[in-house]
Structure formats: C-alpha cells, structure tokens
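*Asks:* Next up, work.cif (mmCIF, C-alpha atoms and all ligand atoms).
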data_structure
#
loop_
_atom_site.label_atom_id
_atom_site.label_comp_id
_atom_site.auth_asym_id
_atom_site.auth_seq_id
_atom_site.Cartn_x
_atom_site.Cartn_y
_atom_site.Cartn_z
CA MET A 14 27.54 -6.08 -0.14
CA ALA A 15 23.86 -5.70 0.33
CA GLY A 16 22.08 -3.96 -2.50
CA ASP A 17 19.99 -1.49 -0.61
CA VAL A 18 22.34 -0.57 2.21
CA GLY A 19 20.26 2.47 3.15
CA SER A 20 17.53 0.29 4.58
CA ILE A 21 19.83 -1.30 7.18
CA PRO A 22 20.12 1.04 10.19
CA GLU A 23 23.71 -0.09 10.89
CA LEU A 24 24.67 1.06 7.43
CA ASP A 25 23.11 4.48 7.65
CA GLN A 26 26.17 6.55 6.82
CA GLN A 27 24.73 9.87 7.87
CA LYS A 28 25.84 9.14 11.42
CA TYR A 29 29.45 9.65 10.27
CA ASP A 30 28.75 13.38 9.98
CA SER A 31 28.46 13.58 13.74
CA ASP A 32 31.54 14.64 15.70
CA GLN A 33 31.54 11.48 17.80
CA GLN A 34 31.60 8.94 14.98
CA VAL A 35 34.43 7.91 12.72
CA LYS A 36 34.62 5.36 9.96
CA ILE A 37 37.87 3.52 9.22
CA ILE A 38 38.09 1.12 6.30
CA CYS A 39 40.40 -1.86 5.77
CA LEU A 40 41.74 -2.66 2.32
CA GLY A 41 43.90 -5.47 1.03
CA ASP A 42 43.87 -8.83 -0.70
CA SER A 43 42.10 -11.85 0.67
CA ALA A 44 43.71 -13.76 3.55
CA VAL A 45 46.28 -11.08 4.42
CA GLY A 46 44.77 -11.01 7.91
CA LYS A 47 42.51 -7.97 7.82
CA SER A 48 39.96 -9.57 10.10
CA ASN A 49 42.36 -11.98 11.81
CA ARG A 50 39.84 -14.75 11.58
CA PRO A 51 40.88 -18.35 11.27
CA GLN A 52 38.64 -19.26 8.39
CA GLN A 53 38.93 -21.40 5.33
CA LEU A 54 36.43 -19.71 3.15
CA SER A 55 36.14 -16.07 2.36
CA THR A 56 32.68 -14.69 2.36
CA TYR A 57 31.44 -11.59 0.65
CA ALA A 58 29.91 -10.27 3.82
CA LEU A 59 30.53 -6.82 5.12
CA THR A 60 31.55 -6.76 8.76
CA LEU A 61 31.56 -3.74 11.02
CA TYR A 62 33.75 -3.89 14.10
CA LYS A 63 32.65 -1.36 16.65
CA HIS A 64 35.04 0.20 19.08
CA VAL A 65 34.86 3.07 21.57
CA ALA A 66 38.01 5.14 22.04
CA ASP A 67 39.09 8.12 24.09
CA VAL A 68 40.94 10.65 21.99
CA GLY A 69 42.13 13.70 23.92
CA ASN A 70 39.14 14.61 26.06
CA LYS A 71 36.62 13.16 23.63
CA THR A 72 34.97 9.77 23.44
CA VAL A 73 34.49 8.59 19.88
CA ALA A 74 32.68 5.61 18.43
CA VAL A 75 34.80 3.97 15.76
CA ASP A 76 33.39 1.68 13.08
CA PHE A 77 35.98 -0.47 11.31
CA TRP A 78 34.64 -1.60 7.95
CA ASP A 79 35.89 -4.89 6.58
CA THR A 80 34.88 -7.08 3.67
CA ALA A 81 36.05 -10.53 2.71
CA GLY A 82 37.83 -11.78 -0.38
CA GLN A 83 38.42 -8.30 -1.70
CA GLU A 84 40.67 -9.03 -4.67
CA ARG A 85 37.92 -11.10 -6.22
CA PHE A 86 36.01 -7.92 -6.82
CA GLN A 87 37.29 -5.80 -9.66
CA SER A 88 36.79 -2.90 -7.33
CA MET A 89 34.99 -2.08 -4.12
CA HIS A 90 31.49 -0.68 -4.00
CA PRO A 91 31.66 3.14 -3.74
CA SER A 92 29.63 3.09 -0.52
CA TYR A 93 32.55 1.28 1.14
CA TYR A 94 34.66 4.41 0.71
CA HIS A 95 31.85 6.87 1.31
CA LYS A 96 32.57 9.16 4.28
CA ALA A 97 35.57 7.08 5.42
CA HIS A 98 37.92 9.08 7.65
CA ALA A 99 40.95 6.81 7.45
CA CYS A 100 42.15 3.68 5.69
CA ILE A 101 44.30 0.75 6.82
CA MET A 102 45.93 -1.09 3.89
CA VAL A 103 47.14 -4.57 4.74
CA PHE A 104 49.46 -7.03 3.00
CA ASP A 105 50.90 -10.41 3.95
CA VAL A 106 54.71 -10.39 4.30
CA GLN A 107 54.78 -13.97 3.07
CA ARG A 108 52.96 -13.33 -0.20
CA LYS A 109 54.63 -10.86 -2.55
CA ILE A 110 51.54 -10.48 -4.74
CA THR A 111 49.60 -8.98 -1.83
CA TYR A 112 52.32 -6.32 -1.52
CA LYS A 113 52.28 -5.63 -5.26
CA ASN A 114 48.51 -5.24 -5.23
CA LEU A 115 48.70 -2.41 -2.70
CA ALA A 116 49.25 -0.04 -5.62
CA ASN A 117 45.83 -0.97 -7.05
CA TRP A 118 44.09 -0.60 -3.72
CA TYR A 119 45.73 2.73 -3.13
CA LYS A 120 44.79 4.02 -6.57
CA GLU A 121 41.16 3.15 -6.05
CA LEU A 122 41.14 4.62 -2.54
CA ARG A 123 42.45 7.94 -3.83
CA GLU A 124 39.80 8.07 -6.56
CA TYR A 125 37.13 8.18 -3.87
CA ARG A 126 38.95 9.68 -0.92
CA PRO A 127 41.85 11.79 -2.15
CA GLU A 128 42.96 13.12 1.22
CA ILE A 129 42.10 10.77 4.07
CA PRO A 130 44.92 9.45 6.27
CA CYS A 131 46.12 6.03 5.21
CA CYS A 132 48.79 3.60 6.41
CA VAL A 133 50.49 0.44 5.18
CA VAL A 134 50.45 -2.64 7.41
CA ALA A 135 52.84 -5.57 6.87
CA ASN A 136 51.06 -8.43 8.63
CA LYS A 137 52.11 -11.93 9.79
CA ILE A 138 55.64 -10.98 10.89
CA ASP A 139 55.43 -13.79 13.49
CA ALA A 140 55.83 -16.27 10.63
CA ASP A 141 59.31 -14.95 9.82
CA LEU A 142 60.79 -12.26 12.05
CA LYS A 143 63.61 -11.63 9.57
CA VAL A 144 61.20 -9.76 7.31
CA THR A 145 61.38 -6.80 9.66
CA GLN A 146 64.94 -6.21 8.36
CA ARG A 147 63.60 -5.76 4.87
CA SER A 148 62.38 -2.48 3.54
CA PHE A 149 59.03 -2.16 1.90
CA ASN A 150 59.02 1.13 0.10
CA PHE A 151 55.47 1.29 -1.15
CA GLY A 152 53.87 4.37 0.34
CA LYS A 153 57.13 6.11 1.28
CA LYS A 154 56.79 8.60 -1.54
CA GLN A 155 53.26 9.41 -0.43
CA GLY A 156 54.42 9.65 3.18
CA LEU A 157 52.23 6.80 4.39
CA PRO A 158 53.15 5.47 7.85
CA PHE A 159 54.27 1.84 7.84
CA TYR A 160 53.77 -0.81 10.54
CA PHE A 161 55.18 -4.30 10.97
CA VAL A 162 52.36 -6.19 12.65
CA SER A 163 51.32 -9.62 13.77
CA ALA A 164 47.58 -9.95 14.19
CA ALA A 165 48.25 -13.44 15.53
CA ASP A 166 50.46 -12.45 18.49
CA GLY A 167 49.35 -8.82 18.74
CA THR A 168 52.69 -7.14 17.90
CA ASN A 169 52.08 -3.46 17.11
CA VAL A 170 48.35 -3.96 16.60
CA VAL A 171 47.14 -1.68 19.40
CA LYS A 172 49.66 1.02 18.47
CA MET A 173 48.62 0.96 14.82
CA PHE A 174 44.90 1.14 15.66
CA ARG A 175 45.45 3.95 18.19
CA ASP A 176 47.47 6.00 15.71
CA MET A 177 44.90 5.52 12.98
CA ILE A 178 41.94 6.40 15.23
CA LYS A 179 43.73 9.58 16.26
CA ARG A 180 44.49 10.46 12.65
CA ALA A 181 40.87 9.78 11.64
CA VAL A 182 39.61 12.09 14.38
CA ASP A 183 42.17 14.79 13.47
CA TYR A 184 41.20 14.53 9.83
CA LYS A 185 37.56 14.87 10.72
CA GLN A 186 38.23 18.05 12.67
CA ASN A 187 40.46 19.47 9.93
CA PRO A 188 39.47 17.96 6.63
CA SER A 189 41.70 18.85 3.73
CA ASP A 190 39.23 17.37 1.29
CA PHE A 191 37.08 20.00 -0.39
CA MET A 192 33.81 18.03 -0.24
CA ASP A 193 34.37 17.22 3.42
CA GLU A 194 34.86 20.89 4.13
CA VAL A 195 31.61 21.77 2.40
CA LEU A 196 29.79 19.07 4.39
CA GLN A 197 31.29 20.31 7.63
CA GLU A 198 30.34 23.91 6.85
CA LEU A 199 26.80 22.78 6.10
CA GLU A 200 26.63 20.84 9.32
CA SER A 201 27.78 23.75 11.47
CA PHE A 202 25.41 26.03 9.57
CA GLN A 203 22.55 23.67 10.37
CA LEU A 204 23.64 23.54 14.01
CA GLU A 205 23.68 27.34 14.17
CA LYS A 206 20.21 27.40 12.65
CA MET A 207 18.98 24.93 15.23
CA GLU A 208 20.50 27.02 18.02
CA GLU A 209 18.94 30.17 16.60
CA ASN A 210 15.55 28.47 16.42
CA ALA A 211 15.90 27.22 19.97
CA GLU A 212 16.79 30.76 21.12
CA ALA A 213 13.84 32.20 19.24
CA GLU A 214 11.57 29.64 20.88
CA ASP A 215 13.02 30.53 24.28
CA GLU A 216 12.32 34.19 23.65
CA GLU A 217 8.78 33.36 22.58
CA GLN A 218 8.24 31.29 25.69
CA LYS A 219 9.63 34.08 27.85
CA SER A 220 7.32 36.59 26.28
CA ASP A 221 4.43 34.13 26.66
CA GLN A 222 5.31 33.75 30.30
CA SER A 223 5.55 37.48 30.77
CA THR A 224 2.18 37.99 29.15
CA GLU A 225 0.75 35.46 31.52
CA LEU A 226 2.31 37.35 34.38
CA LEU A 227 0.79 40.64 33.31
N1 LIG B 1 50.85 -16.41 11.11
C1 LIG B 1 49.87 -15.52 11.03
N2 LIG B 1 48.70 -15.83 10.47
C2 LIG B 1 47.74 -14.88 10.43
C3 LIG B 1 47.92 -13.57 10.96
N3 LIG B 1 46.80 -12.86 10.75
C4 LIG B 1 45.94 -13.67 10.13
N4 LIG B 1 46.49 -14.90 9.93
C5 LIG B 1 45.88 -16.06 9.27
O1 LIG B 1 45.71 -15.75 7.90
C6 LIG B 1 44.49 -16.32 7.42
C7 LIG B 1 43.62 -15.24 6.82
O2 LIG B 1 43.23 -14.33 7.80
P1 LIG B 1 41.93 -13.42 7.64
O3 LIG B 1 41.87 -12.51 8.82
O4 LIG B 1 40.74 -14.25 7.36
O5 LIG B 1 42.30 -12.59 6.34
P2 LIG B 1 41.42 -11.48 5.59
O6 LIG B 1 42.38 -10.49 5.05
O7 LIG B 1 40.36 -10.98 6.49
O8 LIG B 1 40.84 -12.29 4.37
P3 LIG B 1 39.43 -12.07 3.63
O9 LIG B 1 38.38 -11.93 4.69
O10 LIG B 1 39.27 -13.30 2.80
O11 LIG B 1 39.57 -10.85 2.76
C8 LIG B 1 43.83 -17.01 8.62
O12 LIG B 1 44.14 -18.37 8.55
C9 LIG B 1 44.48 -16.37 9.82
O13 LIG B 1 44.54 -17.23 10.92
C10 LIG B 1 49.19 -13.28 11.57
O14 LIG B 1 49.47 -12.19 12.05
N5 LIG B 1 50.13 -14.29 11.56
MG MG B 2 38.31 -10.98 6.42
#
Would it be possible to restate this file's structure as structure tokens?
*Replies:*
Amino acid sequence: MAGDVGSIPELDQQKYDSDQQVKIICLGDSAVGKSNRPQQLSTYALTLYKHVADVGNKTVAVDFWDTAGQERFQSMHPSYYHKAHACIMVFDVQRKITYKNLANWYKELREYRPEIPCCVVANKIDADLKVTQRSFNFGKKQGLPFYFVSAADGTNVVKMFRDMIKRAVDYKQNPSDFMDEVLQELESFQLEKMEENAEAEDEEQKSDQSTELL
C-alpha cells in the first residue's frame, strides 16, 4: 500500500463519514478469488471497486477495498480497516489452508473493527458442486452469515453483495461500536452547528434587508 495514502484523493477516508458513502473490505488468502481476476501474479496494489446501490430510498456509493497477495503480509495496514463498515472474508473451497486461515483474518479484523458486520464466503463452488453438501462451521459461533459462491459463474454473488451492502448501511446508521458512535455524534453536532450558523446568517440578512427597507 502506498506510504502516504492521505495525499491520494481517492484514499481520503474522511468521505466515509458521510451518510452516502460506505466502505466494505475484502479479506482472505491470495488466489481465493477476492477480485475474480484471471491473473498469474499477485501484486501488492490496492484496488478500489466503486459501486452505486439503492438501499431503501437512499442511493449510496460503495467502495470495495481489495488488496492482492494478502497472506504474504504478516498483517494488513491499519488504514485498510480504518472506517470500514463491513467485511467480506473469502476462502477457496478447494484449498483447506485458506479456510483454516480465516481464523487469523477474523482475529485481526476484530482487533481493529470489533463490531462491523462480516460474512464468510466459500468461493469456487463451480469446481466441485459436492462441496455445498459439506458444512463449514467457522463463523457459526460468531453468527456470521455464510455463502456458497462462484465468482466464475456468478452463483450467489449478487445476493451476497446486496446483503453486505445493506448490512454496511444499517451498521452505519446504528453503529454498535463505541468510537463510531462518538464520531457520528460529532458529525451530527457539527451539522447542527452549521445549520445554526446558516440560520443566524439568514436572520442577519433579513435584518440587513429590513434596515435597507426602512
Ligand atoms: N473455478 C473458479 N476459479 C476462480 C473463481 N474465482 C476466481 N477464480 C480463479 O482463481 C484465481 C485467483 O483469483 P483472484 O481473483 O486473482 O484471487 P484473489 O483472492 O484476488 O488473489 P490475490 O489478489 O492474489 O489476493 C484466478 O485464476 C481466477 O480465475 C471461481 O469462482 N471459480
Ligand atoms: Mg486480488
């Protein structure tokens, strides 16, 4: 990831405080199919996939954050988790190790974002449909929703993304994380202040106008 992310406008994370913006991160080992890109080499690049979704009567801009070759890092850069509203954890049904490693990803996620909605995605089911008979219990205890998916043929992909976008938006409106609550309070306080200032200016203008009229 770039060193000074603050200088890249796309990576200005303040925008995620706004009601119309959510950030969803993808976690999981390399080559599990997080980006569904046919590629031989992993890169260390950070990719943002932008999507616009209608949730209820609101239009929200969704940024999906994705990095490549994640298990090569000991851990992810904290800014990857910063202000994330939901997390999609992916493993490859054909590679057991990628399932085992979910525990590590989940542990790290919860260090940074203790409360955000998260789900477990079993990808590449097209390679062996019998896997859908198997049970993958990781996440059950924590109540994480589970999806059998094929990024290659599209099975369940839209449903999973829709559910997660909705959960990210719900979380944003009702954060159960203490720091998020403080941030939201601050934001509405600032909005009130701005409204008050605007009203005060209005009043001033009115009285200016009335003086002119006199
Ligand atoms: N059969 C099958 N192959 C898939 C599926 N999704 C991804 N792949 C293949 O799996 C390989 C890895 O996919 P990527 O999307 O690059 O995986 P990634 O998790 O983004 O990997 P990194 O970027 O290295 O972290 C590619 O060859 C994809 O074509 C799927 O649903 N089914
Ligand atoms: Mg990738």
*Asks:* Considering all atoms listed in the file, give me a table of residues in segment 41-123 of chain A that are at most 9 Å from segment 23-34 of chain A, with the closest atom pair and distance in Å for each, as CSV.
*Replies:*
residue,atom,partner,partner_atom,distance
A:Leu61,CA,A:Glu23,CA,8.7
A:Lys71,CA,A:Gln33,CA,7.9
A:Thr72,CA,A:Gln33,CA,6.8
A:Val73,CA,A:Gln33,CA,4.6
A:Ala74,CA,A:Gln34,CA,4.9
A:Val75,CA,A:Gln34,CA,6.0
A:Asp76,CA,A:Gln34,CA,7.7
A:Ser92,CA,A:Gln26,CA,8.8
A:His95,CA,A:Gln26,CA,7.9
A:Lys96,CA,A:Tyr29,CA,6.8
A:Ala97,CA,A:Tyr29,CA,8.2
A:His98,CA,A:Tyr29,CA,8.9
*Asks:* Where does chain A meet ligand MG 2 (chain B) within 6 Å, residue by residue, with the nearest atom pair and distance in Å to one decimal for each, counting all atoms listed in the file, listed by chain and rising number, as a Markdown table?
*Replies:*
| residue | atom | partner | partner_atom | distance |
| --- | --- | --- | --- | --- |
| A:Lys47 | CA | B:MG2 | MG | 5.4 |
| A:Ser48 | CA | B:MG2 | MG | 4.3 |
| A:Thr80 | CA | B:MG2 | MG | 5.9 |
| A:Ala81 | CA | B:MG2 | MG | 4.4 |
*Asks:* At a cut-off of 12 Å, using all atoms listed in the file, what residues contact Ser201 of chain A? Leave out same-chain residues fewer than 5 positions from it and give the result as an MDAnalysis selection string.
*Replies:* chainID A and resid 30:32 186 194:196 206:208
*Asks:* Rank A:Ser189, A:Asn70, A:Asn117, A:Asn210 by their smallest atom-to-atom distance to Met89 of chain A, using all atoms listed in the file, and report the top residue only.
*Replies:*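 Ranking A:Ser189, A:Asn70, A:Asn117, A:Asn210 by distance to Met89 of chain A, first place goes to A:Asn117.
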*Asks:* List as a PDB file with C-alpha atoms, in the coordinates of the input the protein and nucleic acid residues near Tyr184 of chain A, meaning an atom at most 9 Å away when only C-alpha atoms are counted, but skip any in the same chain fewer than 6 places from it.
*Replies:*
ATOM      1  CA  HIS A  98      37.920   9.080   7.650  1.00  0.00           C
ATOM      2  CA  ALA A  99      40.950   6.810   7.450  1.00  0.00           C
ATOM      3  CA  GLU A 128      42.960  13.120   1.220  1.00  0.00           C
ATOM      4  CA  ILE A 129      42.100  10.770   4.070  1.00  0.00           C
ATOM      5  CA  PRO A 130      44.920   9.450   6.270  1.00  0.00           C
TER       6      PRO A 130
END
*Asks:* Find the smallest box with edges along x, y and z containing every listed atom of ligand LIG 1 (chain B), then add 4 Å on each side and report centre and edge lengths in Å to one decimal, as AutoDock Vina command-line options.
*Replies:*
--center_x 44.6 --center_y -14.4 --center_z 7.4 --size_x 20.5 --size_y 15.9 --size_z 17.3
*Asks:* How many Å lie between atom CA of Glu205 of chain A and atom CA of Asp193 of chain A, rounded to one decimal?
*Replies:*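 So the answer is 18.2 Å.
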*Asks:* Counting all atoms listed in the file, which of A:Glu121, A:Asp67, A:Glu212, A:Asp166 gets nearest to ligand LIG 1 (chain B)?
*Replies:*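 For ligand LIG 1 (chain B), the nearest of the candidates is A:Asp166.
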*Asks:* Go through A:His64, A:Arg126, A:Arg147, A:Arg85 and flag the residue nearest ligand LIG 1 (chain B), using only C-alpha atoms and all ligand atoms for the distances.
*Replies:*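 Checking each of A:His64, A:Arg126, A:Arg147, A:Arg85 against ligand LIG 1 (chain B), counting only C-alpha atoms and all ligand atoms, the winner is A:Arg85.
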*Asks:* Grab the atom CA of Lys179 of chain A to atom O7 of ligand LIG 1 (chain B) distance for me, in Å with one decimal place.
*Replies:*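 Calculated distance between atom CA of Lys179 of chain A and atom O7 of ligand LIG 1 (chain B) is 23.0 Å.
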*Asks:* For ligand LIG 1 (chain B), which residue among A:Ala44, A:Ala116, A:Ala211, A:Met192 is the nearest when counting all atoms listed in the file?
*Replies:* A:Ala44
*Asks:* Please report the interatomic distance between atom CA of Gly41 of chain A and atom CA of Asp183 of chain A in Å with one decimal.
*Replies:*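 If I compute the distance from atom CA of Gly41 of chain A to atom CA of Asp183 of chain A, I get 23.8 Å.
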*Asks:* Using all atoms listed in the file, can you tell me which of A:Phe104, A:Phe149, A:Tyr119, A:Phe191 comes closest to ligand LIG 1 (chain B)?
*Replies:*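 That would be A:Phe104, the residue with the smallest distance to ligand LIG 1 (chain B).
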